[in-house]
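Undergrad: Just one file: entry.pdb, with PDB, C-alpha atoms and all ligand atoms.
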ATOM      1  CA  MET A  12     -13.557  17.389 -18.953  1.00  0.00           C
ATOM      2  CA  GLY A  13     -15.637  14.845 -17.013  1.00  0.00           C
ATOM      3  CA  LYS A  14     -14.466  13.200 -13.847  1.00  0.00           C
ATOM      4  CA  ALA A  15     -11.358  11.165 -14.567  1.00  0.00           C
ATOM      5  CA  LYS A  16     -12.182   7.728 -13.266  1.00  0.00           C
ATOM      6  CA  PHE A  17      -8.972   5.794 -13.429  1.00  0.00           C
ATOM      7  CA  ILE A  18      -7.116   3.600 -10.981  1.00  0.00           C
ATOM      8  CA  ILE A  19      -3.397   3.205 -10.462  1.00  0.00           C
ATOM      9  CA  VAL A  20      -2.629  -0.013  -8.612  1.00  0.00           C
ATOM     10  CA  LEU A  21       0.530   0.174  -6.528  1.00  0.00           C
ATOM     11  CA  LEU A  22       2.105  -3.254  -6.041  1.00  0.00           C
ATOM     12  CA  GLY A  23       5.108  -4.374  -4.058  1.00  0.00           C
ATOM     13  CA  PRO A  24       6.206  -6.338  -1.014  1.00  0.00           C
ATOM     14  CA  PRO A  25       5.688  -5.126   2.532  1.00  0.00           C
ATOM     15  CA  GLY A  26       8.277  -2.493   3.409  1.00  0.00           C
ATOM     16  CA  VAL A  27       9.117  -1.496  -0.134  1.00  0.00           C
ATOM     17  CA  GLY A  28       7.755   2.021   0.441  1.00  0.00           C
ATOM     18  CA  LYS A  29       4.288   1.830  -1.109  1.00  0.00           C
ATOM     19  CA  GLY A  30       2.793   4.043   1.605  1.00  0.00           C
ATOM     20  CA  THR A  31       5.515   6.692   1.582  1.00  0.00           C
ATOM     21  CA  GLN A  32       5.844   6.853  -2.184  1.00  0.00           C
ATOM     22  CA  GLY A  33       2.157   6.374  -2.911  1.00  0.00           C
ATOM     23  CA  GLN A  34       1.007   9.187  -0.613  1.00  0.00           C
ATOM     24  CA  ARG A  35       3.545  11.548  -2.116  1.00  0.00           C
ATOM     25  CA  TRP A  36       2.643  10.687  -5.698  1.00  0.00           C
ATOM     26  CA  ALA A  37      -1.080  10.929  -5.058  1.00  0.00           C
ATOM     27  CA  ASN A  38      -0.629  14.294  -3.325  1.00  0.00           C
ATOM     28  CA  GLU A  39       1.361  15.720  -6.160  1.00  0.00           C
ATOM     29  CA  LYS A  40      -1.125  14.522  -8.769  1.00  0.00           C
ATOM     30  CA  GLY A  41      -4.284  15.325  -6.830  1.00  0.00           C
ATOM     31  CA  TRP A  42      -5.396  11.689  -6.722  1.00  0.00           C
ATOM     32  CA  ARG A  43      -7.233  10.018  -3.908  1.00  0.00           C
ATOM     33  CA  TYR A  44      -4.881   7.683  -2.008  1.00  0.00           C
ATOM     34  CA  ALA A  45      -6.415   4.575  -0.453  1.00  0.00           C
ATOM     35  CA  ALA A  46      -4.463   1.860   1.355  1.00  0.00           C
ATOM     36  CA  THR A  47      -6.425  -1.208   2.422  1.00  0.00           C
ATOM     37  CA  GLY A  48      -4.024  -1.777   5.343  1.00  0.00           C
ATOM     38  CA  ASP A  49      -4.783   1.730   6.676  1.00  0.00           C
ATOM     39  CA  LEU A  50      -8.509   1.287   6.127  1.00  0.00           C
ATOM     40  CA  LEU A  51      -8.446  -2.043   7.969  1.00  0.00           C
ATOM     41  CA  ARG A  52      -6.447  -0.616  10.875  1.00  0.00           C
ATOM     42  CA  GLU A  53      -8.909   2.263  11.085  1.00  0.00           C
ATOM     43  CA  ALA A  54     -11.826  -0.199  11.170  1.00  0.00           C
ATOM     44  CA  VAL A  55     -10.052  -2.100  13.970  1.00  0.00           C
ATOM     45  CA  ARG A  56      -9.640   1.126  15.959  1.00  0.00           C
ATOM     46  CA  GLN A  57     -13.344   1.789  15.574  1.00  0.00           C
ATOM     47  CA  GLY A  58     -14.105  -1.784  16.591  1.00  0.00           C
ATOM     48  CA  THR A  59     -16.447  -2.627  13.709  1.00  0.00           C
ATOM     49  CA  PRO A  60     -17.691  -6.259  13.969  1.00  0.00           C
ATOM     50  CA  VAL A  61     -15.982  -7.419  10.774  1.00  0.00           C
ATOM     51  CA  SER A  62     -12.667  -5.886  11.756  1.00  0.00           C
ATOM     52  CA  LEU A  63     -12.413  -7.900  14.959  1.00  0.00           C
ATOM     53  CA  LYS A  64     -12.022 -11.055  12.896  1.00  0.00           C
ATOM     54  CA  ALA A  65      -9.681  -9.267  10.505  1.00  0.00           C
ATOM     55  CA  LYS A  66      -7.367  -8.205  13.331  1.00  0.00           C
ATOM     56  CA  ALA A  67      -6.423 -11.788  14.198  1.00  0.00           C
ATOM     57  CA  PHE A  68      -5.146 -12.294  10.648  1.00  0.00           C
ATOM     58  CA  MET A  69      -3.377  -8.956  10.519  1.00  0.00           C
ATOM     59  CA  ASP A  70      -1.549  -9.629  13.791  1.00  0.00           C
ATOM     60  CA  LYS A  71      -0.199 -12.882  12.364  1.00  0.00           C
ATOM     61  CA  GLY A  72       0.853 -11.279   9.086  1.00  0.00           C
ATOM     62  CA  GLU A  73      -1.735 -13.248   7.136  1.00  0.00           C
ATOM     63  CA  LEU A  74      -4.238 -11.948   4.649  1.00  0.00           C
ATOM     64  CA  VAL A  75      -7.730 -10.904   5.617  1.00  0.00           C
ATOM     65  CA  ALA A  76     -10.565 -12.630   3.704  1.00  0.00           C
ATOM     66  CA  ASP A  77     -10.928 -11.454   0.109  1.00  0.00           C
ATOM     67  CA  GLU A  78     -14.627 -10.558   0.556  1.00  0.00           C
ATOM     68  CA  VAL A  79     -13.900  -8.288   3.508  1.00  0.00           C
ATOM     69  CA  VAL A  80     -11.207  -6.280   1.762  1.00  0.00           C
ATOM     70  CA  THR A  81     -13.015  -6.231  -1.565  1.00  0.00           C
ATOM     71  CA  ALA A  82     -16.110  -4.770   0.092  1.00  0.00           C
ATOM     72  CA  ILE A  83     -13.946  -1.969   1.512  1.00  0.00           C
ATOM     73  CA  VAL A  84     -12.467  -1.220  -1.900  1.00  0.00           C
ATOM     74  CA  GLU A  85     -15.849  -1.256  -3.600  1.00  0.00           C
ATOM     75  CA  GLU A  86     -17.038   1.386  -1.148  1.00  0.00           C
ATOM     76  CA  VAL A  87     -13.963   3.503  -1.880  1.00  0.00           C
ATOM     77  CA  LEU A  88     -14.662   3.294  -5.619  1.00  0.00           C
ATOM     78  CA  GLN A  89     -18.278   4.239  -5.104  1.00  0.00           C
ATOM     79  CA  LYS A  90     -17.317   7.351  -3.173  1.00  0.00           C
ATOM     80  CA  ALA A  91     -14.179   8.511  -4.981  1.00  0.00           C
ATOM     81  CA  ASP A  92     -14.579  11.585  -7.145  1.00  0.00           C
ATOM     82  CA  ARG A  93     -11.090  11.728  -8.604  1.00  0.00           C
ATOM     83  CA  PRO A  94      -8.420   9.320  -9.844  1.00  0.00           C
ATOM     84  CA  LEU A  95      -7.475   6.711  -7.295  1.00  0.00           C
ATOM     85  CA  LEU A  96      -4.150   5.306  -6.200  1.00  0.00           C
ATOM     86  CA  LEU A  97      -4.777   1.924  -4.636  1.00  0.00           C
ATOM     87  CA  ASP A  98      -2.087   0.709  -2.219  1.00  0.00           C
ATOM     88  CA  GLY A  99      -2.089  -2.850  -0.865  1.00  0.00           C
ATOM     89  CA  TYR A 100      -4.908  -4.134  -3.025  1.00  0.00           C
ATOM     90  CA  PRO A 101      -5.234  -6.472  -4.882  1.00  0.00           C
ATOM     91  CA  ARG A 102      -3.084  -9.002  -3.045  1.00  0.00           C
ATOM     92  CA  THR A 103      -4.566 -12.221  -4.448  1.00  0.00           C
ATOM     93  CA  ILE A 104      -5.744 -13.313  -7.869  1.00  0.00           C
ATOM     94  CA  ALA A 105      -9.320 -13.419  -6.570  1.00  0.00           C
ATOM     95  CA  GLN A 106      -8.987  -9.758  -5.529  1.00  0.00           C
ATOM     96  CA  ALA A 107      -7.428  -8.799  -8.866  1.00  0.00           C
ATOM     97  CA  GLU A 108     -10.333 -10.388 -10.718  1.00  0.00           C
ATOM     98  CA  ALA A 109     -12.817  -8.749  -8.368  1.00  0.00           C
ATOM     99  CA  LEU A 110     -11.226  -5.355  -8.976  1.00  0.00           C
ATOM    100  CA  THR A 111     -11.452  -5.811 -12.737  1.00  0.00           C
ATOM    101  CA  GLU A 112     -15.138  -6.652 -12.390  1.00  0.00           C
ATOM    102  CA  ILE A 113     -16.000  -3.845  -9.948  1.00  0.00           C
ATOM    103  CA  ALA A 114     -14.071  -1.263 -11.954  1.00  0.00           C
ATOM    104  CA  LYS A 115     -15.946  -2.230 -15.081  1.00  0.00           C
ATOM    105  CA  ARG A 116     -19.311  -2.181 -13.336  1.00  0.00           C
ATOM    106  CA  LEU A 117     -18.706   1.227 -11.758  1.00  0.00           C
ATOM    107  CA  GLY A 118     -17.145   2.805 -14.832  1.00  0.00           C
ATOM    108  CA  TRP A 119     -13.494   2.940 -13.731  1.00  0.00           C
ATOM    109  CA  LYS A 120     -10.475   2.156 -15.880  1.00  0.00           C
ATOM    110  CA  ILE A 121      -7.417   0.389 -14.479  1.00  0.00           C
ATOM    111  CA  GLN A 122      -4.725   2.556 -15.963  1.00  0.00           C
ATOM    112  CA  ALA A 123      -1.538   0.881 -14.726  1.00  0.00           C
ATOM    113  CA  ALA A 124      -0.133  -1.471 -12.116  1.00  0.00           C
ATOM    114  CA  VAL A 125       3.095  -0.019 -10.788  1.00  0.00           C
ATOM    115  CA  LEU A 126       5.383  -2.485  -9.034  1.00  0.00           C
ATOM    116  CA  LEU A 127       7.950  -1.204  -6.550  1.00  0.00           C
ATOM    117  CA  HIS A 128      10.753  -3.728  -6.378  1.00  0.00           C
ATOM    118  CA  ALA A 129      13.411  -4.454  -3.711  1.00  0.00           C
ATOM    119  CA  ASN A 130      15.090  -7.567  -2.285  1.00  0.00           C
ATOM    120  CA  ASP A 131      14.044  -9.331   0.946  1.00  0.00           C
ATOM    121  CA  ASP A 132      17.041  -8.370   3.121  1.00  0.00           C
ATOM    122  CA  GLU A 133      16.474  -4.717   2.370  1.00  0.00           C
ATOM    123  CA  LEU A 134      12.771  -5.081   3.170  1.00  0.00           C
ATOM    124  CA  VAL A 135      13.363  -6.729   6.552  1.00  0.00           C
ATOM    125  CA  GLU A 136      15.774  -3.973   7.485  1.00  0.00           C
ATOM    126  CA  ARG A 137      13.377  -1.235   6.468  1.00  0.00           C
ATOM    127  CA  LEU A 138      10.356  -2.758   8.179  1.00  0.00           C
ATOM    128  CA  SER A 139      12.113  -3.233  11.499  1.00  0.00           C
ATOM    129  CA  ALA A 140      13.140   0.438  11.396  1.00  0.00           C
ATOM    130  CA  ARG A 141       9.676   1.705  10.475  1.00  0.00           C
ATOM    131  CA  ARG A 142       7.713   3.830  12.929  1.00  0.00           C
ATOM    132  CA  VAL A 143       4.313   5.361  12.311  1.00  0.00           C
ATOM    133  CA  CYS A 144       2.293   8.153  13.822  1.00  0.00           C
ATOM    134  CA  PRO A 145      -1.000   6.736  15.094  1.00  0.00           C
ATOM    135  CA  SER A 146      -2.644  10.174  14.900  1.00  0.00           C
ATOM    136  CA  CYS A 147      -1.801  11.596  11.473  1.00  0.00           C
ATOM    137  CA  GLY A 148      -0.441   8.537   9.646  1.00  0.00           C
ATOM    138  CA  THR A 149       3.002   9.947   8.845  1.00  0.00           C
ATOM    139  CA  ILE A 150       5.520   7.172   8.219  1.00  0.00           C
ATOM    140  CA  TYR A 151       9.115   7.376   9.468  1.00  0.00           C
ATOM    141  CA  ASN A 152      12.143   5.165   9.136  1.00  0.00           C
ATOM    142  CA  LEU A 153      14.762   5.332  11.857  1.00  0.00           C
ATOM    143  CA  ARG A 154      17.439   4.881   9.215  1.00  0.00           C
ATOM    144  CA  TYR A 155      16.197   6.833   6.199  1.00  0.00           C
ATOM    145  CA  GLN A 156      13.729   9.372   7.526  1.00  0.00           C
ATOM    146  CA  PRO A 157      14.077   9.629  11.277  1.00  0.00           C
ATOM    147  CA  PRO A 158      11.834  11.972  13.209  1.00  0.00           C
ATOM    148  CA  LYS A 159      13.741  14.815  14.844  1.00  0.00           C
ATOM    149  CA  ASP A 160      13.748  13.344  18.346  1.00  0.00           C
ATOM    150  CA  ASN A 161      13.405   9.668  17.279  1.00  0.00           C
ATOM    151  CA  GLU A 162      10.210   9.213  19.285  1.00  0.00           C
ATOM    152  CA  HIS A 163       7.598  11.800  18.359  1.00  0.00           C
ATOM    153  CA  CYS A 164       5.868  12.814  15.161  1.00  0.00           C
ATOM    154  CA  ASP A 165       7.450  15.933  13.630  1.00  0.00           C
ATOM    155  CA  ARG A 166       4.064  17.015  12.318  1.00  0.00           C
ATOM    156  CA  CYS A 167       1.725  16.552  15.253  1.00  0.00           C
ATOM    157  CA  GLY A 168       3.909  15.619  18.243  1.00  0.00           C
ATOM    158  CA  SER A 169       2.218  12.278  18.994  1.00  0.00           C
ATOM    159  CA  PRO A 170       4.395   9.454  20.319  1.00  0.00           C
ATOM    160  CA  LEU A 171       5.335   7.182  17.409  1.00  0.00           C
ATOM    161  CA  ILE A 172       4.550   3.488  17.473  1.00  0.00           C
ATOM    162  CA  GLN A 173       5.884   0.352  15.843  1.00  0.00           C
ATOM    163  CA  ARG A 174       3.153  -1.629  14.117  1.00  0.00           C
ATOM    164  CA  ASP A 175       2.640  -5.028  15.760  1.00  0.00           C
ATOM    165  CA  ASP A 176       3.206  -6.705  12.433  1.00  0.00           C
ATOM    166  CA  ASP A 177       6.554  -4.927  11.944  1.00  0.00           C
ATOM    167  CA  LYS A 178       8.136  -7.175  14.587  1.00  0.00           C
ATOM    168  CA  HIS A 179      10.704  -9.591  13.226  1.00  0.00           C
ATOM    169  CA  ASP A 180       8.838 -12.935  13.048  1.00  0.00           C
ATOM    170  CA  VAL A 181       5.751 -11.386  11.550  1.00  0.00           C
ATOM    171  CA  ILE A 182       7.815  -9.590   8.896  1.00  0.00           C
ATOM    172  CA  ARG A 183       9.149 -12.913   7.578  1.00  0.00           C
ATOM    173  CA  GLN A 184       5.633 -14.303   7.520  1.00  0.00           C
ATOM    174  CA  ARG A 185       4.343 -11.304   5.556  1.00  0.00           C
ATOM    175  CA  LEU A 186       7.116 -11.693   2.998  1.00  0.00           C
ATOM    176  CA  ALA A 187       6.272 -15.389   2.608  1.00  0.00           C
ATOM    177  CA  VAL A 188       2.601 -14.546   2.139  1.00  0.00           C
ATOM    178  CA  TYR A 189       3.581 -11.973  -0.473  1.00  0.00           C
ATOM    179  CA  GLN A 190       5.615 -14.540  -2.416  1.00  0.00           C
ATOM    180  CA  ALA A 191       2.846 -17.109  -2.350  1.00  0.00           C
ATOM    181  CA  GLN A 192      -0.248 -14.974  -2.870  1.00  0.00           C
ATOM    182  CA  THR A 193       0.684 -11.640  -4.410  1.00  0.00           C
ATOM    183  CA  GLN A 194       3.385 -12.697  -6.854  1.00  0.00           C
ATOM    184  CA  PRO A 195       0.681 -14.149  -9.167  1.00  0.00           C
ATOM    185  CA  VAL A 196      -1.065 -10.757  -9.148  1.00  0.00           C
ATOM    186  CA  ILE A 197       2.032  -9.264 -10.770  1.00  0.00           C
ATOM    187  CA  ASP A 198       1.783 -11.850 -13.532  1.00  0.00           C
ATOM    188  CA  TYR A 199      -1.911 -11.048 -13.885  1.00  0.00           C
ATOM    189  CA  TYR A 200      -1.212  -7.383 -14.652  1.00  0.00           C
ATOM    190  CA  GLN A 201       1.745  -8.273 -16.816  1.00  0.00           C
ATOM    191  CA  GLY A 202      -0.649 -10.390 -18.860  1.00  0.00           C
ATOM    192  CA  LEU A 203      -2.995  -7.426 -19.235  1.00  0.00           C
ATOM    193  CA  GLY A 204      -0.101  -5.269 -20.437  1.00  0.00           C
ATOM    194  CA  LEU A 205      -0.504  -2.905 -17.481  1.00  0.00           C
ATOM    195  CA  LEU A 206       2.627  -3.650 -15.446  1.00  0.00           C
ATOM    196  CA  VAL A 207       5.367  -1.062 -14.924  1.00  0.00           C
ATOM    197  CA  THR A 208       8.287  -1.939 -12.631  1.00  0.00           C
ATOM    198  CA  VAL A 209      10.194   0.678 -10.637  1.00  0.00           C
ATOM    199  CA  ASP A 210      13.417  -0.044  -8.754  1.00  0.00           C
ATOM    200  CA  ALA A 211      12.770   0.825  -5.101  1.00  0.00           C
ATOM    201  CA  LEU A 212      16.334   0.553  -3.852  1.00  0.00           C
ATOM    202  CA  GLY A 213      17.894   3.656  -2.333  1.00  0.00           C
ATOM    203  CA  GLU A 214      16.785   6.799  -0.541  1.00  0.00           C
ATOM    204  CA  PRO A 215      13.077   7.694  -0.690  1.00  0.00           C
ATOM    205  CA  ASP A 216      13.811  10.815  -2.764  1.00  0.00           C
ATOM    206  CA  GLU A 217      15.725   8.803  -5.352  1.00  0.00           C
ATOM    207  CA  VAL A 218      12.922   6.268  -5.615  1.00  0.00           C
ATOM    208  CA  TYR A 219      10.359   9.023  -5.976  1.00  0.00           C
ATOM    209  CA  VAL A 220      12.235  10.542  -8.898  1.00  0.00           C
ATOM    210  CA  ARG A 221      11.973   7.175 -10.652  1.00  0.00           C
ATOM    211  CA  LEU A 222       8.331   6.748  -9.753  1.00  0.00           C
ATOM    212  CA  ARG A 223       7.147  10.082 -11.067  1.00  0.00           C
ATOM    213  CA  LYS A 224       8.799   9.359 -14.404  1.00  0.00           C
ATOM    214  CA  VAL A 225       6.318   6.543 -14.999  1.00  0.00           C
ATOM    215  CA  ARG A 226       4.309   7.355 -18.098  1.00  0.00           C
ATOM    216  CA  LEU A 227       0.628   6.847 -17.566  1.00  0.00           C
ATOM    217  CA  SER A 228      -0.842   8.067 -20.837  1.00  0.00           C
ATOM    218  CA  VAL A 229      -3.965   9.485 -19.242  1.00  0.00           C
TER
HETATM  219  P1  LIG A 301      -0.334  -3.283   4.946  1.00  0.00           P
HETATM  220  O1  LIG A 301      -0.497  -2.056   5.759  1.00  0.00           O
HETATM  221  O2  LIG A 301      -0.638  -3.091   3.493  1.00  0.00           O
HETATM  222  O3  LIG A 301       0.994  -3.961   5.169  1.00  0.00           O
HETATM  223  O4  LIG A 301      -1.443  -4.309   5.479  1.00  0.00           O
HETATM  224  C1  LIG A 301      -1.439  -4.777   6.801  1.00  0.00           C
HETATM  225  C2  LIG A 301      -2.259  -6.061   6.918  1.00  0.00           C
HETATM  226  O5  LIG A 301      -3.605  -5.782   6.550  1.00  0.00           O
HETATM  227  C3  LIG A 301      -1.822  -7.182   6.005  1.00  0.00           C
HETATM  228  O6  LIG A 301      -0.758  -7.946   6.542  1.00  0.00           O
HETATM  229  C4  LIG A 301      -3.114  -7.995   5.901  1.00  0.00           C
HETATM  230  O7  LIG A 301      -3.342  -8.753   7.075  1.00  0.00           O
HETATM  231  C5  LIG A 301      -4.158  -6.898   5.852  1.00  0.00           C
HETATM  232  N1  LIG A 301      -4.440  -6.481   4.443  1.00  0.00           N
HETATM  233  C6  LIG A 301      -4.208  -5.268   3.862  1.00  0.00           C
HETATM  234  N2  LIG A 301      -4.578  -5.258   2.576  1.00  0.00           N
HETATM  235  C7  LIG A 301      -5.068  -6.502   2.325  1.00  0.00           C
HETATM  236  C8  LIG A 301      -5.604  -7.139   1.178  1.00  0.00           C
HETATM  237  N3  LIG A 301      -5.701  -6.511  -0.003  1.00  0.00           N
HETATM  238  N4  LIG A 301      -6.012  -8.427   1.298  1.00  0.00           N
HETATM  239  C9  LIG A 301      -5.944  -9.088   2.468  1.00  0.00           C
HETATM  240  N5  LIG A 301      -5.426  -8.557   3.577  1.00  0.00           N
HETATM  241  C10 LIG A 301      -5.003  -7.276   3.529  1.00  0.00           C
END
How does this structure look as structure tokens?
TA:
Amino acid sequence: MGKAKFIIVLLGPPGVGKGTQGQRWANEKGWRYAATGDLLREAVRQGTPVSLKAKAFMDKGELVADEVVTAIVEEVLQKADRPLLLDGYPRTIAQAEALTEIAKRLGWKIQAAVLLHANDDELVERLSARRVCPSCGTIYNLRYQPPKDNEHCDRCGSPLIQRDDDKHDVIRQRLAVYQAQTQPVIDYYQGLGLLVTVDALGEPDEVYVRLRKVRLSV
């Protein structure tokens, strides 16, 4: 069999569990997992010129320019040598159209767009309780998946941090941006017949059971 070049797009509001669920699913399936938020934060840490501009938007909970993020994703697609789970992209119609074009040009198929769904109150609660490990990327939730001592990463021992944009005011802004800009992306994939919705309410393990039942026909 040749290299399977297909993309699963993981959609859903901030805090719904895209990172946690997406990493787990990709690991189990042997897919490459790529989250544009992670890639942008990594670029900011490295201080690349483009990322300095991006950081101002990220800190406010607003979207980074389509061209910037699309260029990152195009590079990922050029390098990936196995199926790809894309988390956090596309977030606008312009990005969705760009992805369709790039995928076609580079010989990738968009296999499905999987939407994780939960209501706003739940999302705010989850995001304020989220902590991340700046070293190895492990995600914790003080309510659902607390680290053993509440402050350090169970895997690598680094002190956990709260993302700047997980503070209360910025969370509301991110949810508003999602409603305005990303909701149409859901309709876009619905129109292409690629949308699958998964209920993301409940414990991470329960959600994962639902997620891995999604039929992909690949
Ligand atoms: P996330 O980790 O997915 O919540 O992303 C964190 C921040 O990175 C977002 O609030 C945006 O500022 C930026 N970002 C991530 N992905 C995208 C994207 N596809 N388009 C524009 N901005 C993005």
Undergrad: For chain A against ligand LIG 301 (chain A), with a cut-off of 6 Å and counting only C-alpha atoms and all ligand atoms, what is the closest atom pair and its distance in Å to one decimal for every residue that makes the cut, ordered by chain and number, as a Markdown table?
TA:
| residue | atom | partner | partner_atom | distance |
| --- | --- | --- | --- | --- |
| A:Pro25 | CA | A:LIG301 | O3 | 5.5 |
| A:Thr47 | CA | A:LIG301 | N2 | 4.5 |
| A:Gly48 | CA | A:LIG301 | O1 | 3.6 |
| A:Asp49 | CA | A:LIG301 | O1 | 5.8 |
| A:Phe68 | CA | A:LIG301 | O7 | 5.3 |
| A:Met69 | CA | A:LIG301 | O7 | 3.5 |
| A:Gly72 | CA | A:LIG301 | O6 | 4.5 |
| A:Glu73 | CA | A:LIG301 | O7 | 4.8 |
| A:Leu74 | CA | A:LIG301 | N5 | 3.7 |
| A:Val75 | CA | A:LIG301 | N5 | 3.9 |
| A:Ala76 | CA | A:LIG301 | C9 | 6.0 |
| A:Asp77 | CA | A:LIG301 | N4 | 5.9 |
| A:Val80 | CA | A:LIG301 | N4 | 5.6 |
| A:Gly99 | CA | A:LIG301 | O2 | 4.6 |
| A:Tyr100 | CA | A:LIG301 | N3 | 3.9 |
| A:Pro101 | CA | A:LIG301 | N3 | 4.9 |
| A:Arg102 | CA | A:LIG301 | N3 | 4.7 |
Undergrad: Considering only C-alpha atoms, return as a list in words whatever protein or nucleic-acid residues lie within 10 Å of A:Gln34, sequence-local ones (same chain, fewer than 5 positions apart) excluded.
TA: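 After dropping sequence-adjacent residues, the list is Gly28, Lys29, Glu39, Lys40, Trp42, Arg43, Tyr44, Ala45, Ala46, Leu96, Asp98 and Thr149 of chain A.
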Undergrad: Residues within 12 Å of (6.4, 5.6, 12.2), file coordinates, counting all atoms listed in the file: what are they? Give the list as number ranges by chain.
TA: A: 30-31, 137-158, 161-166, 168-175, 177
Undergrad: Run the PyMOL selection byres (((chain A and resi 93) around 7) and not hetatm) against the file shown and list the residues it catches, as a short mmCIF file (atom, residue, chain, number, x, y, z; two decimals) with C-alpha atoms, keeping the file's coordinate frame.
TA:
data_model
loop_
_atom_site.label_atom_id
_atom_site.label_comp_id
_atom_site.auth_asym_id
_atom_site.auth_seq_id
_atom_site.Cartn_x
_atom_site.Cartn_y
_atom_site.Cartn_z
CA LYS A 14 -14.47 13.20 -13.85
CA ALA A 15 -11.36 11.16 -14.57
CA LYS A 16 -12.18 7.73 -13.27
CA TRP A 42 -5.40 11.69 -6.72
CA ARG A 43 -7.23 10.02 -3.91
CA ALA A 91 -14.18 8.51 -4.98
CA ASP A 92 -14.58 11.58 -7.14
CA PRO A 94 -8.42 9.32 -9.84
CA LEU A 95 -7.48 6.71 -7.30
#
Undergrad: Which residues, written as a list in words, have at least one atom at most 10 Å from A:Val79, with only C-alpha atoms counted and residues fewer than 2 positions away on the same chain left out?
TA: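 The residues that qualify are Leu51, Val61, Ser62, Lys64, Ala65, Val75, Ala76, Asp77, Thr81, Ala82, Ile83 and Val84 of chain A.
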Undergrad: Mind dumping the selected residues with C-alpha atoms as a PDB file, in the frame of the given file?
TA:
ATOM      1  CA  LEU A  51      -8.446  -2.043   7.969  1.00  0.00           C
ATOM      2  CA  VAL A  61     -15.982  -7.419  10.774  1.00  0.00           C
ATOM      3  CA  SER A  62     -12.667  -5.886  11.756  1.00  0.00           C
ATOM      4  CA  LYS A  64     -12.022 -11.055  12.896  1.00  0.00           C
ATOM      5  CA  ALA A  65      -9.681  -9.267  10.505  1.00  0.00           C
ATOM      6  CA  VAL A  75      -7.730 -10.904   5.617  1.00  0.00           C
ATOM      7  CA  ALA A  76     -10.565 -12.630   3.704  1.00  0.00           C
ATOM      8  CA  ASP A  77     -10.928 -11.454   0.109  1.00  0.00           C
ATOM      9  CA  THR A  81     -13.015  -6.231  -1.565  1.00  0.00           C
ATOM     10  CA  ALA A  82     -16.110  -4.770   0.092  1.00  0.00           C
ATOM     11  CA  ILE A  83     -13.946  -1.969   1.512  1.00  0.00           C
ATOM     12  CA  VAL A  84     -12.467  -1.220  -1.900  1.00  0.00           C
TER      13      VAL A  84
END
Undergrad: Would you please work out which residue, of A:Gly41, A:Gly118, A:Pro195, A:Pro60, is nearest to A:Leu22 when using all atoms listed in the file?
TA: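 Counting all atoms listed in the file, the residue closest to A:Leu22 is A:Pro195.
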Undergrad: Give me, please, the distance in Å between atom CA of A:Ala191 and atom CA of A:Ile19, quoted to one decimal.
TA: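 Those two atoms sit 22.7 Å apart.
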Undergrad: Using all atoms listed in the file, which residue out of A:Phe17, A:Leu227, A:Glu214, A:Pro24 lies closest to A:Leu134?
TA: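 That would be A:Pro24, the residue with the smallest distance to A:Leu134.
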Undergrad: May I ask which of the residues A:Val135, A:Leu110, A:Ile104, A:Leu205 is the closest one to A:Ser228, counting only C-alpha atoms?
TA: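 For A:Ser228, the nearest of the candidates is A:Leu205.
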Undergrad: Given the PyMOL selection byres (((chain A and resi 213) around 12) and not hetatm) and the file above, list the residues it selects as number ranges by chain.
TA: A: 27-28, 127-130, 133-134, 137, 154-155, 209-212, 214-221
Undergrad: Please write the residues from the selection above to a file, keeping C-alpha atoms, as an mmCIF file, in the frame of the given file.
TA:
data_model
loop_
_atom_site.group_PDB
_atom_site.id
_atom_site.type_symbol
_atom_site.label_atom_id
_atom_site.label_comp_id
_atom_site.auth_asym_id
_atom_site.auth_seq_id
_atom_site.Cartn_x
_atom_site.Cartn_y
_atom_site.Cartn_z
ATOM 1 C CA VAL A 27 9.117 -1.496 -0.134
ATOM 2 C CA GLY A 28 7.755 2.021 0.441
ATOM 3 C CA LEU A 127 7.950 -1.204 -6.550
ATOM 4 C CA HIS A 128 10.753 -3.728 -6.378
ATOM 5 C CA ALA A 129 13.411 -4.454 -3.711
ATOM 6 C CA ASN A 130 15.090 -7.567 -2.285
ATOM 7 C CA GLU A 133 16.474 -4.717 2.370
ATOM 8 C CA LEU A 134 12.771 -5.081 3.170
ATOM 9 C CA ARG A 137 13.377 -1.235 6.468
ATOM 10 C CA ARG A 154 17.439 4.881 9.215
ATOM 11 C CA TYR A 155 16.197 6.833 6.199
ATOM 12 C CA VAL A 209 10.194 0.678 -10.637
ATOM 13 C CA ASP A 210 13.417 -0.044 -8.754
ATOM 14 C CA ALA A 211 12.770 0.825 -5.101
ATOM 15 C CA LEU A 212 16.334 0.553 -3.852
ATOM 16 C CA GLU A 214 16.785 6.799 -0.541
ATOM 17 C CA PRO A 215 13.077 7.694 -0.690
ATOM 18 C CA ASP A 216 13.811 10.815 -2.764
ATOM 19 C CA GLU A 217 15.725 8.803 -5.352
ATOM 20 C CA VAL A 218 12.922 6.268 -5.615
ATOM 21 C CA TYR A 219 10.359 9.023 -5.976
ATOM 22 C CA VAL A 220 12.235 10.542 -8.898
ATOM 23 C CA ARG A 221 11.973 7.175 -10.652
#
Undergrad: What does the distance between atom CA of A:Arg223 and atom CA of A:Val196 come to in Å, to one decimal place?
TA: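 Between atom CA of A:Arg223 and atom CA of A:Val196 the gap works out to 22.5 Å.
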Undergrad: Quick check, in Å to one decimal: how far apart do atom CA of A:Leu126 and atom CA of A:Val188 lie?
TA: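 Pair atom CA of A:Leu126 / atom CA of A:Val188 returns 16.7 Å.
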Undergrad: So which residues get picked by the PyMOL selection byres (((chain A and resi 123) around 8) and not hetatm) here, written as a compact mmCIF listing (two decimals) with C-alpha atoms, in the coordinates of the input?
TA:
# COMPACT_ATOMS: atom_id res chain seq x y z
CA ILE A 18 -7.12 3.60 -10.98
CA ILE A 19 -3.40 3.20 -10.46
CA VAL A 20 -2.63 -0.01 -8.61
CA ILE A 121 -7.42 0.39 -14.48
CA GLN A 122 -4.72 2.56 -15.96
CA ALA A 124 -0.13 -1.47 -12.12
CA VAL A 125 3.10 -0.02 -10.79
CA LEU A 205 -0.50 -2.90 -17.48
CA LEU A 206 2.63 -3.65 -15.45
CA VAL A 207 5.37 -1.06 -14.92
CA LEU A 227 0.63 6.85 -17.57
